[in-house]
Each structure stands twice: as C-alpha cells, then as structure tokens.
>>> print(open('model.cif').read())   # mmCIF, C-alpha atoms
data_run
loop_
_atom_site.label_atom_id
_atom_site.label_comp_id
_atom_site.auth_asym_id
_atom_site.auth_seq_id
_atom_site.Cartn_x
_atom_site.Cartn_y
_atom_site.Cartn_z
CA MET A 1 -0.27 -6.98 -74.28
CA SER A 2 1.78 -10.14 -73.93
CA THR A 3 1.80 -11.76 -70.51
CA ASP A 4 5.23 -13.30 -71.04
CA ALA A 5 7.63 -11.84 -68.47
CA ARG A 6 10.29 -11.50 -71.15
CA ASP A 7 8.07 -9.09 -73.10
CA ARG A 8 7.30 -6.58 -70.34
CA TRP A 9 8.71 -4.57 -67.50
CA LEU A 10 7.23 -4.36 -64.04
CA VAL A 11 6.34 -0.78 -63.08
CA TYR A 12 5.99 0.43 -59.49
CA VAL A 13 4.71 3.88 -58.59
CA GLY A 14 5.31 5.67 -55.31
CA THR A 15 2.64 8.15 -54.26
CA TYR A 16 1.52 10.59 -51.62
CA THR A 17 -1.70 9.55 -49.92
CA ASN A 18 -3.11 13.00 -49.21
CA ARG A 19 -6.11 12.63 -51.54
CA ASN A 20 -7.18 9.36 -53.14
CA SER A 21 -4.04 7.26 -53.25
CA ARG A 22 -3.80 4.06 -51.21
CA GLY A 23 -0.06 3.39 -51.42
CA ILE A 24 2.26 1.75 -53.97
CA TYR A 25 0.74 0.95 -57.35
CA SER A 26 1.89 -1.62 -59.89
CA LEU A 27 1.51 -1.92 -63.64
CA LYS A 28 3.15 -3.78 -66.49
CA MET A 29 4.70 -2.14 -69.53
CA ASP A 30 5.12 -3.67 -72.98
CA ARG A 31 8.79 -3.54 -73.99
CA SER A 32 8.00 -2.99 -77.65
CA THR A 33 5.21 -0.44 -77.55
CA GLY A 34 5.40 1.12 -74.08
CA ALA A 35 1.75 0.25 -73.47
CA LEU A 36 0.73 0.13 -69.80
CA THR A 37 -1.73 -2.19 -68.10
CA ARG A 38 -4.38 -0.95 -65.72
CA PRO A 39 -2.79 0.12 -62.40
CA GLU A 40 -3.44 -1.95 -59.29
CA VAL A 41 -2.74 -1.30 -55.62
CA ALA A 42 0.33 -3.40 -54.84
CA VAL A 43 0.67 -2.36 -51.18
CA GLU A 44 -1.43 -0.12 -48.98
CA ALA A 45 0.84 2.32 -47.12
CA SER A 46 0.91 5.94 -45.98
CA ASN A 47 2.93 8.31 -48.22
CA PRO A 48 5.30 5.79 -49.88
CA ALA A 49 6.56 8.60 -52.09
CA PHE A 50 9.87 7.07 -53.25
CA VAL A 51 10.47 3.53 -54.52
CA ARG A 52 13.71 1.86 -55.57
CA PRO A 53 14.34 -1.71 -56.86
CA ALA A 54 17.41 -3.68 -55.81
CA HIS A 55 19.11 -7.08 -55.91
CA GLY A 56 18.51 -7.74 -59.60
CA GLY A 57 14.91 -6.57 -59.37
CA THR A 58 13.93 -9.19 -56.80
CA ARG A 59 13.43 -6.61 -54.05
CA LEU A 60 11.79 -3.22 -53.72
CA TYR A 61 12.37 -0.60 -51.03
CA ALA A 62 10.22 2.44 -50.33
CA ALA A 63 10.72 5.64 -48.36
CA ALA A 64 7.46 6.59 -46.67
CA ASP A 65 7.18 10.24 -45.72
CA SER A 66 6.05 11.15 -42.21
CA ALA A 67 2.31 10.65 -41.75
CA GLU A 68 -0.04 12.78 -39.70
CA GLY A 69 0.53 12.09 -36.02
CA ASP A 70 3.90 10.41 -36.63
CA SER A 71 7.03 12.54 -36.95
CA SER A 72 9.26 9.75 -38.27
CA GLY A 73 9.51 8.37 -41.77
CA LYS A 74 9.49 4.66 -42.56
CA ILE A 75 11.64 2.48 -44.82
CA LEU A 76 9.63 -0.42 -46.23
CA ALA A 77 11.11 -3.60 -47.72
CA PHE A 78 9.45 -6.05 -50.14
CA SER A 79 10.36 -9.09 -52.19
CA VAL A 80 9.23 -8.98 -55.82
CA ASP A 81 7.55 -11.88 -57.58
CA ARG A 82 8.99 -11.42 -61.05
CA SER A 83 6.30 -13.61 -62.63
CA ASN A 84 3.37 -11.37 -61.71
CA GLY A 85 4.78 -8.30 -59.94
CA ALA A 86 3.29 -9.11 -56.55
CA LEU A 87 5.06 -7.58 -53.52
CA ARG A 88 5.58 -9.53 -50.32
CA PRO A 89 6.32 -7.40 -47.23
CA LEU A 90 9.70 -8.00 -45.57
CA GLY A 91 9.10 -5.59 -42.71
CA GLN A 92 9.88 -1.95 -42.10
CA ARG A 93 12.18 0.28 -40.08
CA THR A 94 11.72 3.74 -38.68
CA SER A 95 14.07 6.31 -40.18
CA PRO A 96 14.69 8.57 -37.17
CA GLY A 97 13.95 11.80 -38.97
CA GLU A 98 11.03 13.59 -40.59
CA SER A 99 10.23 13.28 -44.28
CA ALA A 100 12.15 10.25 -45.50
CA CYS A 101 12.25 11.22 -49.18
CA TYR A 102 14.91 9.20 -51.01
CA LEU A 103 16.75 5.87 -50.91
CA ALA A 104 19.94 4.41 -52.33
CA ILE A 105 20.98 0.75 -52.24
CA ASP A 106 24.50 -0.44 -52.95
CA GLY A 107 25.06 -2.76 -55.90
CA ALA A 108 25.43 -5.83 -53.74
CA GLY A 109 22.15 -5.06 -52.01
CA LYS A 110 23.74 -5.00 -48.55
CA VAL A 111 23.10 -1.40 -47.45
CA VAL A 112 20.16 1.00 -47.67
CA LEU A 113 20.81 4.74 -47.29
CA ALA A 114 17.98 7.22 -46.69
CA ALA A 115 17.70 11.00 -46.87
CA ASN A 116 15.38 12.69 -44.36
CA TYR A 117 14.40 16.10 -45.73
CA THR A 118 12.76 17.92 -42.82
CA SER A 119 15.09 16.75 -40.07
CA GLY A 120 18.23 17.34 -42.16
CA SER A 121 19.77 13.89 -41.76
CA VAL A 122 20.84 10.76 -43.61
CA THR A 123 20.45 7.29 -42.13
CA VAL A 124 22.04 3.91 -42.82
CA PHE A 125 20.56 0.40 -42.51
CA PRO A 126 22.18 -2.98 -43.19
CA VAL A 127 20.24 -5.40 -45.39
CA LEU A 128 19.85 -8.91 -44.01
CA GLY A 129 20.09 -12.07 -46.09
CA ASP A 130 16.38 -12.27 -46.77
CA GLY A 131 16.22 -8.66 -47.94
CA SER A 132 14.75 -7.26 -44.73
CA LEU A 133 16.43 -4.35 -42.96
CA GLY A 134 18.59 -4.73 -39.90
CA GLU A 135 18.78 -2.27 -37.03
CA LEU A 136 19.79 1.30 -37.82
CA THR A 137 23.57 1.65 -37.76
CA GLN A 138 24.02 5.40 -38.23
CA THR A 139 22.34 8.81 -38.35
CA LEU A 140 24.32 11.77 -39.68
CA ARG A 141 22.96 15.30 -39.44
CA HIS A 142 23.80 18.01 -41.94
CA GLU A 143 24.47 21.61 -40.95
CA GLY A 144 23.87 25.05 -42.41
CA SER A 145 21.32 27.25 -44.13
CA SER A 146 21.24 29.57 -47.13
CA VAL A 147 19.63 32.64 -48.67
CA ASN A 148 16.01 31.53 -49.23
CA PRO A 149 14.21 32.14 -45.91
CA ASP A 150 11.25 29.92 -46.81
CA ARG A 151 13.10 26.85 -48.05
CA GLN A 152 16.68 27.20 -46.77
CA GLU A 153 16.28 28.02 -43.09
CA ALA A 154 17.94 24.71 -42.16
CA PRO A 155 19.61 21.72 -43.85
CA HIS A 156 17.30 19.65 -46.07
CA PRO A 157 19.02 16.69 -47.78
CA HIS A 158 16.81 15.76 -50.72
CA SER A 159 18.58 12.66 -51.96
CA ILE A 160 21.50 10.33 -51.40
CA ASN A 161 23.22 8.61 -54.31
CA LEU A 162 25.96 6.01 -54.77
CA ASP A 163 28.57 5.76 -57.48
CA ALA A 164 28.69 2.57 -59.55
CA ALA A 165 31.42 1.05 -57.36
CA GLY A 166 29.46 1.73 -54.17
CA ARG A 167 32.40 3.59 -52.65
CA PHE A 168 31.09 7.13 -52.50
CA ALA A 169 27.70 8.54 -51.51
CA TYR A 170 26.57 12.01 -52.57
CA SER A 171 23.82 13.85 -50.72
CA PRO A 172 22.60 17.14 -52.25
CA ASP A 173 21.24 19.37 -49.48
CA LEU A 174 18.63 21.83 -50.72
CA GLY A 175 18.52 23.82 -47.48
CA ALA A 176 22.25 24.31 -47.05
CA ASP A 177 23.21 24.66 -50.75
CA LYS A 178 25.77 21.90 -50.30
CA ILE A 179 26.61 18.44 -51.60
CA TYR A 180 27.88 16.14 -48.87
CA ILE A 181 30.38 13.53 -50.08
CA TYR A 182 30.65 10.37 -47.99
CA HIS A 183 32.67 7.18 -48.14
CA LEU A 184 30.56 4.04 -47.68
CA ASP A 185 31.87 1.05 -45.74
CA ALA A 186 29.34 -1.59 -46.79
CA ALA A 187 30.70 -4.19 -44.38
CA SER A 188 29.88 -2.07 -41.34
CA ALA A 189 27.00 -0.15 -42.99
CA THR A 190 28.53 3.21 -42.07
CA LEU A 191 29.38 6.49 -43.78
CA SER A 192 32.38 8.72 -43.15
CA PRO A 193 33.68 11.95 -44.72
CA ALA A 194 35.31 11.07 -48.04
CA LEU A 195 37.44 14.16 -48.55
CA THR A 196 39.00 17.17 -46.89
CA PRO A 197 36.92 19.27 -47.34
CA TRP A 198 34.11 16.77 -47.80
CA VAL A 199 31.27 19.27 -48.40
CA HIS A 200 30.95 20.87 -51.84
CA SER A 201 29.18 24.24 -51.95
CA SER A 202 26.56 25.04 -54.59
CA ALA A 203 25.59 28.52 -55.77
CA ALA A 204 23.64 30.48 -53.17
CA GLY A 205 19.92 29.84 -53.57
CA ALA A 206 20.38 26.97 -56.03
CA GLY A 207 18.73 24.32 -53.85
CA PRO A 208 20.50 21.11 -55.02
CA ARG A 209 18.00 18.24 -55.07
CA HIS A 210 18.77 15.10 -57.12
CA PHE A 211 22.03 13.71 -58.49
CA ALA A 212 22.88 11.62 -61.56
CA ILE A 213 26.19 10.01 -62.50
CA HIS A 214 27.11 9.52 -66.16
CA PRO A 215 27.35 5.79 -67.13
CA GLY A 216 31.04 6.35 -67.88
CA GLY A 217 31.59 7.47 -64.29
CA GLU A 218 33.56 10.60 -65.15
CA PHE A 219 30.75 13.18 -64.93
CA ALA A 220 27.97 13.96 -62.47
CA TYR A 221 24.92 16.19 -62.71
CA VAL A 222 22.87 17.91 -60.01
CA ILE A 223 19.37 19.29 -60.54
CA ASN A 224 18.91 22.50 -58.56
CA GLU A 225 15.27 22.81 -57.50
CA LEU A 226 15.08 26.47 -56.52
CA ALA A 227 17.16 27.88 -59.39
CA SER A 228 15.74 25.54 -62.08
CA THR A 229 19.23 24.65 -63.28
CA ILE A 230 21.48 21.64 -63.85
CA THR A 231 25.11 21.81 -62.73
CA ALA A 232 27.61 19.54 -64.50
CA TYR A 233 30.68 18.27 -62.65
CA ASP A 234 33.86 16.39 -63.36
CA LEU A 235 33.86 13.42 -60.98
CA ASP A 236 37.15 11.94 -59.78
CA ALA A 237 36.42 8.23 -59.42
CA ALA A 238 39.50 7.70 -57.23
CA THR A 239 38.74 10.37 -54.63
CA GLY A 240 35.04 11.08 -55.14
CA SER A 241 35.67 14.81 -55.57
CA LEU A 242 33.55 17.10 -57.74
CA SER A 243 34.80 19.97 -59.94
CA GLU A 244 32.17 22.22 -61.50
CA ILE A 245 32.06 22.39 -65.30
CA GLU A 246 29.02 24.59 -65.96
CA THR A 247 25.45 25.37 -64.93
CA VAL A 248 22.57 25.58 -67.43
CA SER A 249 18.93 26.60 -67.09
CA THR A 250 16.14 24.07 -67.61
CA LEU A 251 13.67 26.82 -68.60
CA PRO A 252 13.01 28.94 -71.69
CA ASP A 253 14.69 32.36 -71.55
CA ASP A 254 11.34 34.14 -71.49
CA TYR A 255 9.70 31.96 -68.84
CA GLY A 256 8.60 34.13 -65.92
CA GLU A 257 6.32 31.87 -63.87
CA VAL A 258 7.11 29.87 -60.74
CA ASN A 259 8.99 26.64 -61.42
CA TYR A 260 10.72 23.99 -59.34
CA THR A 261 12.80 21.25 -60.90
CA ALA A 262 12.52 17.74 -59.49
CA ASP A 263 14.16 14.71 -61.08
CA VAL A 264 17.17 14.06 -63.31
CA TYR A 265 18.45 10.97 -65.18
CA VAL A 266 21.09 10.23 -67.81
CA LEU A 267 20.12 7.95 -70.69
CA PRO A 268 21.88 4.55 -70.41
CA SER A 269 23.81 5.35 -73.60
CA GLY A 270 25.25 8.43 -71.88
CA LYS A 271 24.28 10.67 -74.80
CA PHE A 272 21.44 12.65 -73.23
CA ILE A 273 20.19 13.88 -69.86
CA TYR A 274 16.59 14.58 -68.84
CA SER A 275 15.14 16.74 -66.05
CA SER A 276 11.61 17.57 -64.93
CA ASN A 277 10.14 21.07 -64.54
CA ARG A 278 7.19 21.57 -62.17
CA GLY A 279 5.46 24.76 -63.27
CA ASN A 280 6.64 24.72 -66.86
CA ASP A 281 5.40 21.08 -66.68
CA SER A 282 7.96 19.71 -69.08
CA ILE A 283 10.94 17.42 -69.44
CA ALA A 284 14.05 19.40 -70.40
CA ILE A 285 16.41 17.48 -72.70
CA PHE A 286 20.14 18.10 -73.11
CA ALA A 287 22.83 16.39 -75.18
CA ILE A 288 26.01 15.48 -73.29
CA ASP A 289 29.43 16.09 -74.83
CA SER A 290 31.24 12.79 -74.24
CA ASP A 291 34.64 14.50 -73.96
CA THR A 292 33.82 17.45 -71.73
CA GLY A 293 30.53 16.58 -70.02
CA ARG A 294 29.07 19.91 -71.13
CA LEU A 295 25.38 20.19 -71.99
CA SER A 296 23.60 21.55 -75.05
CA LEU A 297 19.84 22.03 -75.16
CA VAL A 298 17.85 19.64 -77.32
CA GLY A 299 14.40 20.88 -76.28
CA ARG A 300 11.59 20.65 -73.77
CA GLU A 301 8.68 18.23 -74.04
CA PRO A 302 5.39 18.97 -72.22
CA THR A 303 4.45 16.10 -69.91
CA GLN A 304 0.73 16.35 -70.80
CA GLY A 305 -0.08 16.78 -67.14
CA LYS A 306 0.53 18.91 -64.10
CA THR A 307 3.58 18.87 -61.81
CA PRO A 308 5.89 16.13 -63.15
CA ARG A 309 7.64 15.28 -59.90
CA GLY A 310 9.38 12.03 -60.82
CA PHE A 311 10.03 10.02 -63.96
CA ALA A 312 11.81 6.86 -65.03
CA ILE A 313 13.70 5.72 -68.11
CA SER A 314 13.29 2.12 -69.23
CA PRO A 315 16.33 -0.15 -68.69
CA GLY A 316 17.31 -0.06 -72.36
CA GLY A 317 16.63 3.64 -72.75
CA GLU A 318 13.67 3.21 -75.11
CA PHE A 319 10.95 4.94 -73.09
CA LEU A 320 10.45 7.66 -70.48
CA VAL A 321 7.52 7.49 -68.04
CA ALA A 322 6.56 10.80 -66.42
CA ALA A 323 4.59 10.97 -63.16
CA ASN A 324 2.31 14.02 -63.11
CA GLU A 325 1.57 14.39 -59.41
CA ASP A 326 -1.21 16.98 -59.55
CA SER A 327 -3.08 15.57 -62.56
CA ASP A 328 -2.85 11.95 -61.37
CA THR A 329 -1.34 10.48 -64.53
CA LEU A 330 1.57 8.48 -65.86
CA VAL A 331 2.44 9.45 -69.43
CA VAL A 332 4.73 7.38 -71.69
CA PHE A 333 7.17 8.88 -74.22
CA ARG A 334 9.36 7.12 -76.76
CA ILE A 335 12.99 8.29 -76.78
CA ASP A 336 14.70 8.92 -80.11
CA GLN A 337 18.11 7.32 -79.63
CA ALA A 338 19.79 9.56 -82.20
CA THR A 339 18.40 12.95 -81.17
CA GLY A 340 17.23 12.38 -77.58
CA GLU A 341 13.83 13.88 -78.40
CA LEU A 342 10.66 12.61 -76.74
CA SER A 343 7.42 11.74 -78.51
CA PRO A 344 4.26 10.70 -76.63
CA THR A 345 3.11 7.16 -77.37
CA GLY A 346 -0.48 7.92 -76.42
CA ASP A 347 -0.32 5.64 -73.40
CA VAL A 348 -1.62 7.29 -70.23
CA ALA A 349 -2.42 5.56 -66.94
CA GLU A 350 -4.42 7.08 -64.10
CA VAL A 351 -2.58 6.80 -60.78
CA PRO A 352 -3.45 9.12 -57.86
CA GLU A 353 -0.71 11.49 -56.67
CA PRO A 354 2.23 9.75 -58.42
CA THR A 355 5.63 10.95 -57.28
CA CYS A 356 8.16 8.28 -58.29
CA VAL A 357 8.37 5.54 -60.93
CA ALA A 358 10.57 2.43 -60.89
CA LEU A 359 10.91 -0.09 -63.74
CA ILE A 360 12.14 -3.66 -63.35
#
>>> encode(input="model.cif", output="structure tokens")
Amino acid sequence: MSTDARDRWLVYVGTYTNRNSRGIYSLKMDRSTGALTRPEVAVEASNPAFVRPAHGGTRLYAAADSAEGDSSGKILAFSVDRSNGALRPLGQRTSPGESACYLAIDGAGKVVLAANYTSGSVTVFPVLGDGSLGELTQTLRHEGSSVNPDRQEAPHPHSINLDAAGRFAYSPDLGADKIYIYHLDAASATLSPALTPWVHSSAAGAGPRHFAIHPGGEFAYVINELASTITAYDLDAATGSLSEIETVSTLPDDYGEVNYTADVYVLPSGKFIYSSNRGNDSIAIFAIDSDTGRLSLVGREPTQGKTPRGFAISPGGEFLVAANEDSDTLVVFRIDQATGELSPTGDVAEVPEPTCVALI
C-alpha cells in the first residue's frame, strides 16, 4: 500500500471495551483498492463506541459510553495528524447522562451535540479555538415511553443529527417513538424547539435510532431499530419539518428471527441508501427515487460477520466498511455506482468489538 497521504484514507474505529478492546483503533485504507493496513491502538479509552471527524478531518471526537462504576458518559476530543493518523488528546468533558452514544458537530466545528441513551437527554458543548470542548451549555431531557416494555419504558435518544446548514438538529428517540426537532444557535451553543409541534411521532414500537439526510437536502431517512424498517420523509429545509413518505422493511419477507437495525447512510451521489441488520447480519440496499424520495429494494449483502452495528462509506462513495461487533472484524465492500450493489473486496481487518467507523 502506498504511504502517500493522497493515496489513502485514515480510518478510525470506535469500540466497546467489554472483552479485548483497548479503545479507539486506527488503520489506513488504500483509495484505489480498499485494502486496509494492520489496525493499531490510537488511544486507550473505556467504551469509546462512537467516533466522528470534524473541522476538515483535523479533529476527531468520541462518545464514550458509561463505564463500570461511573454513571456518566464522556466526550473525548483529539487533533488528527493527517500525515500519519496519530491522535493528540485535547481533553474531555463529562456528558451529564448515562450512555453517551452519538455525536454531531456543526459544519464550522463550533458546537458538539451528544445523545445520552439511558438518561434520555441531549447535551451541548461549545468547541474552543484549539478544538477542545468548553463547559457544558445545555442539557435537554426527552419525555415519554411507548409500547415495548423492555426497550421503551422511558425516553432513549439514540442519535442527534444536523442538517447541512447547521440550522436544525434531529434526535430520534427509540424509547419514546419520537423524533425531536431542534433549532441550533451555534453562537450560544444552545438548542430550542424548532417547530410547533416540534416533536414528530413515529409508528408505535418502531424504535427510531439513526437519521440520514439526502445530499440534496429535500429528503430524510430514519432507521427504526425495533421494527427493522426505514421511514422516508420529505424535509422542509426552511422550517425543518418532516412529512412521512413511506416505510419499508429492511428484512426478507420470510425472515422470522430476531433482528435489530443499527446504522443508515445515503451514498454521496444520492442514488442509494444503506442500512445494517443485526441478526440477519446484512446490509440492506435501496435505490432512491430522486423526484419522490421513495425507496426500492436493490438487495441485501451479508457482512461476512456477526452483528454489523456500524459502517462507513468512503468520501467518494467507492467503498463501504462494515463493523461486525460480535465477530471482531471490519469487512470492506466495493460499491457499484450504477446499481448500488456491494461486492466484498476480500479485505478483512481484525478489530475487537468494533461499533463505529469513521473515514478521513
């Protein structure tokens, strides 16, 4: 593999540290072939399960889930050495809630938003000039419950996501079957209700988890963990409102085993959308109608591992990297730009308990 920075992407992998993982792992990926280098421990940390690059790829932020004996999650900040992928710690902040599970950073790199699953809250931090995090500015708690007594006894925001303009933040709440829609004031690092009403209800028992906005900005998609479905929405860029278009299953019609969906991303071209199935252990692929936002099934590709929790698509849309949490592997697939289909490249890297992948 070439060592020239122009010929490769930097790859960072968030993990749980319940078994053999030591924290955040780093690799390099060849832009032409998708080949991965041997993984290395970039940072030792407890449960840094979600990672997100920012500021043109010169910074990396991680949400660290609550560790044993500590009920609060942590938000970790790092600078990225683009020449070799090394991470330099810029400090950390406590996210005053259990199970910090997801981060969003505005395009200017001035605000970090976090979702705290167990405590049912979202938190807001300003970003200082050097990339470190300032003092917490806001904690907002969600309300409600839904029909699943095991998973929906209380609010559980599973992600928080910003539109391209950084005006609106969307937080799917698995426990309450709701999508909270906020307005972001980046100058004050605060959120406020964006609409009246500002909470969009999902189908009972759906369990909305992750959220993806079409590159054109006119459509949005929510992966529903408990129902194993994707819901497509019209998105009003002026008001931030959502209007449901349709809901489709990510599973085969005859599939009768337990399954939980996890991650969802739209290809940079806007032509296809991908979602991960944990149980069916596959990536479901749909074509997107550019006029209506509706979805049509392309197929499902096995991830060659167990429990694909997170995945990433390369910046140009050439490759998909799936993180198989329970088989401790990253598996690379080439994306057919015309059909959206996935084909394994044969590149597999062993990373313990991988949950999230970020490419720079």
>>> residues_near_point(input="model.cif", point="(37.4, 18.2, -49.3)", cutoff="12 Å", atoms="all atoms listed in the file", output="VMD selection string")
chain A and resid 179 to 182 193 to 201 239 to 243
>>> resolve_selection(input="model.cif", expression="the PyMOL selection byres ((chain A and resi 281-286) around 8)", output="ChimeraX atom specification")
/A:250-251,272-280,287-288,295-308,340-341
>>> residues_near_point(input="model.cif", point="(1.9, -0.7, -61.5)", cutoff="7 Å", atoms="all atoms listed in the file", output="NGL selection string")
:A and (10-13 or 25-28 or 39-40)
>>> resolve_selection(input="model.cif", expression="the PyMOL selection byres ((chain A and resi 55-60) around 8)", output="PyMOL selection string")
chain A and resi 51-54+61-62+77-82+107-109+131+360
>>> resolve_selection(input="model.cif", expression="the PyMOL selection byres ((chain A and resi 141) around 6)", output="list of chain:residue names")
A:Gly120, A:Ser121, A:Leu140, A:His142
>>> closest_residue(input="model.cif", among="A:Pro89, A:Pro126, A:Gly14, A:Gly346", to="A:Ala114", atoms="only C-alpha atoms")
A:Pro126
>>> residues_around(input="model.cif", residues="A:Asp185", least_positions_apart="3", cutoff="10 Å", atoms="only C-alpha atoms", output="list in words")
Val111, Gly166, Arg167, Phe168, Tyr182, Ser188, Ala189, Thr190, Leu191 and Ser192 of chain A
>>> residues_around(input="model.cif", residues="A:Val43", least_positions_apart="6", cutoff="8 Å", atoms="all atoms listed in the file", output="list in words")
Arg22, Gly23, Ile24, Tyr25 and Leu87 of chain A
>>> atom_distance(input="model.cif", atom1="atom CA of A:Val266", atom2="atom CA of A:Arg6")
24.5 Å
>>> decode(input="model.cif", residues="stretch 310-321 of chain A", atoms="N, CA, C and O atoms", output="PDB file, in the first residue's frame")
ATOM      1  N   GLY A 310     -22.174  -0.753  13.152  1.00  0.00           N
ATOM      2  CA  GLY A 310     -21.936   0.480  12.410  1.00  0.00           C
ATOM      3  C   GLY A 310     -21.242   0.191  11.091  1.00  0.00           C
ATOM      4  O   GLY A 310     -20.694  -0.884  10.873  1.00  0.00           O
ATOM      5  N   PHE A 311     -21.259   1.164  10.202  1.00  0.00           N
ATOM      6  CA  PHE A 311     -20.490   1.066   8.966  1.00  0.00           C
ATOM      7  C   PHE A 311     -20.198   2.475   8.469  1.00  0.00           C
ATOM      8  O   PHE A 311     -20.740   3.462   8.986  1.00  0.00           O
ATOM      9  N   ALA A 312     -19.323   2.566   7.504  1.00  0.00           N
ATOM     10  CA  ALA A 312     -18.977   3.864   6.920  1.00  0.00           C
ATOM     11  C   ALA A 312     -18.870   3.717   5.419  1.00  0.00           C
ATOM     12  O   ALA A 312     -18.532   2.633   4.907  1.00  0.00           O
ATOM     13  N   ILE A 313     -19.146   4.790   4.711  1.00  0.00           N
ATOM     14  CA  ILE A 313     -18.976   4.863   3.265  1.00  0.00           C
ATOM     15  C   ILE A 313     -17.838   5.830   2.986  1.00  0.00           C
ATOM     16  O   ILE A 313     -17.761   6.907   3.592  1.00  0.00           O
ATOM     17  N   SER A 314     -16.937   5.444   2.108  1.00  0.00           N
ATOM     18  CA  SER A 314     -15.790   6.295   1.805  1.00  0.00           C
ATOM     19  C   SER A 314     -16.243   7.629   1.233  1.00  0.00           C
ATOM     20  O   SER A 314     -17.330   7.737   0.653  1.00  0.00           O
ATOM     21  N   PRO A 315     -15.429   8.691   1.393  1.00  0.00           N
ATOM     22  CA  PRO A 315     -15.862  10.041   0.996  1.00  0.00           C
ATOM     23  C   PRO A 315     -16.358  10.170  -0.435  1.00  0.00           C
ATOM     24  O   PRO A 315     -17.261  10.951  -0.714  1.00  0.00           O
ATOM     25  N   GLY A 316     -15.789   9.389  -1.347  1.00  0.00           N
ATOM     26  CA  GLY A 316     -16.244   9.444  -2.732  1.00  0.00           C
ATOM     27  C   GLY A 316     -17.317   8.432  -3.073  1.00  0.00           C
ATOM     28  O   GLY A 316     -17.768   8.379  -4.215  1.00  0.00           O
ATOM     29  N   GLY A 317     -17.699   7.622  -2.100  1.00  0.00           N
ATOM     30  CA  GLY A 317     -18.737   6.638  -2.322  1.00  0.00           C
ATOM     31  C   GLY A 317     -18.269   5.349  -2.970  1.00  0.00           C
ATOM     32  O   GLY A 317     -19.079   4.559  -3.444  1.00  0.00           O
ATOM     33  N   GLU A 318     -16.945   5.098  -2.970  1.00  0.00           N
ATOM     34  CA  GLU A 318     -16.432   3.918  -3.658  1.00  0.00           C
ATOM     35  C   GLU A 318     -16.532   2.636  -2.835  1.00  0.00           C
ATOM     36  O   GLU A 318     -16.698   1.548  -3.379  1.00  0.00           O
ATOM     37  N   PHE A 319     -16.397   2.766  -1.495  1.00  0.00           N
ATOM     38  CA  PHE A 319     -16.324   1.596  -0.643  1.00  0.00           C
ATOM     39  C   PHE A 319     -17.244   1.748   0.570  1.00  0.00           C
ATOM     40  O   PHE A 319     -17.541   2.855   1.009  1.00  0.00           O
ATOM     41  N   LEU A 320     -17.659   0.590   1.101  1.00  0.00           N
ATOM     42  CA  LEU A 320     -18.379   0.525   2.373  1.00  0.00           C
ATOM     43  C   LEU A 320     -17.577  -0.378   3.300  1.00  0.00           C
ATOM     44  O   LEU A 320     -17.139  -1.459   2.896  1.00  0.00           O
ATOM     45  N   VAL A 321     -17.388   0.089   4.546  1.00  0.00           N
ATOM     46  CA  VAL A 321     -16.654  -0.685   5.554  1.00  0.00           C
ATOM     47  C   VAL A 321     -17.619  -1.026   6.678  1.00  0.00           C
ATOM     48  O   VAL A 321     -18.139  -0.132   7.349  1.00  0.00           O
TER      49      VAL A 321
END
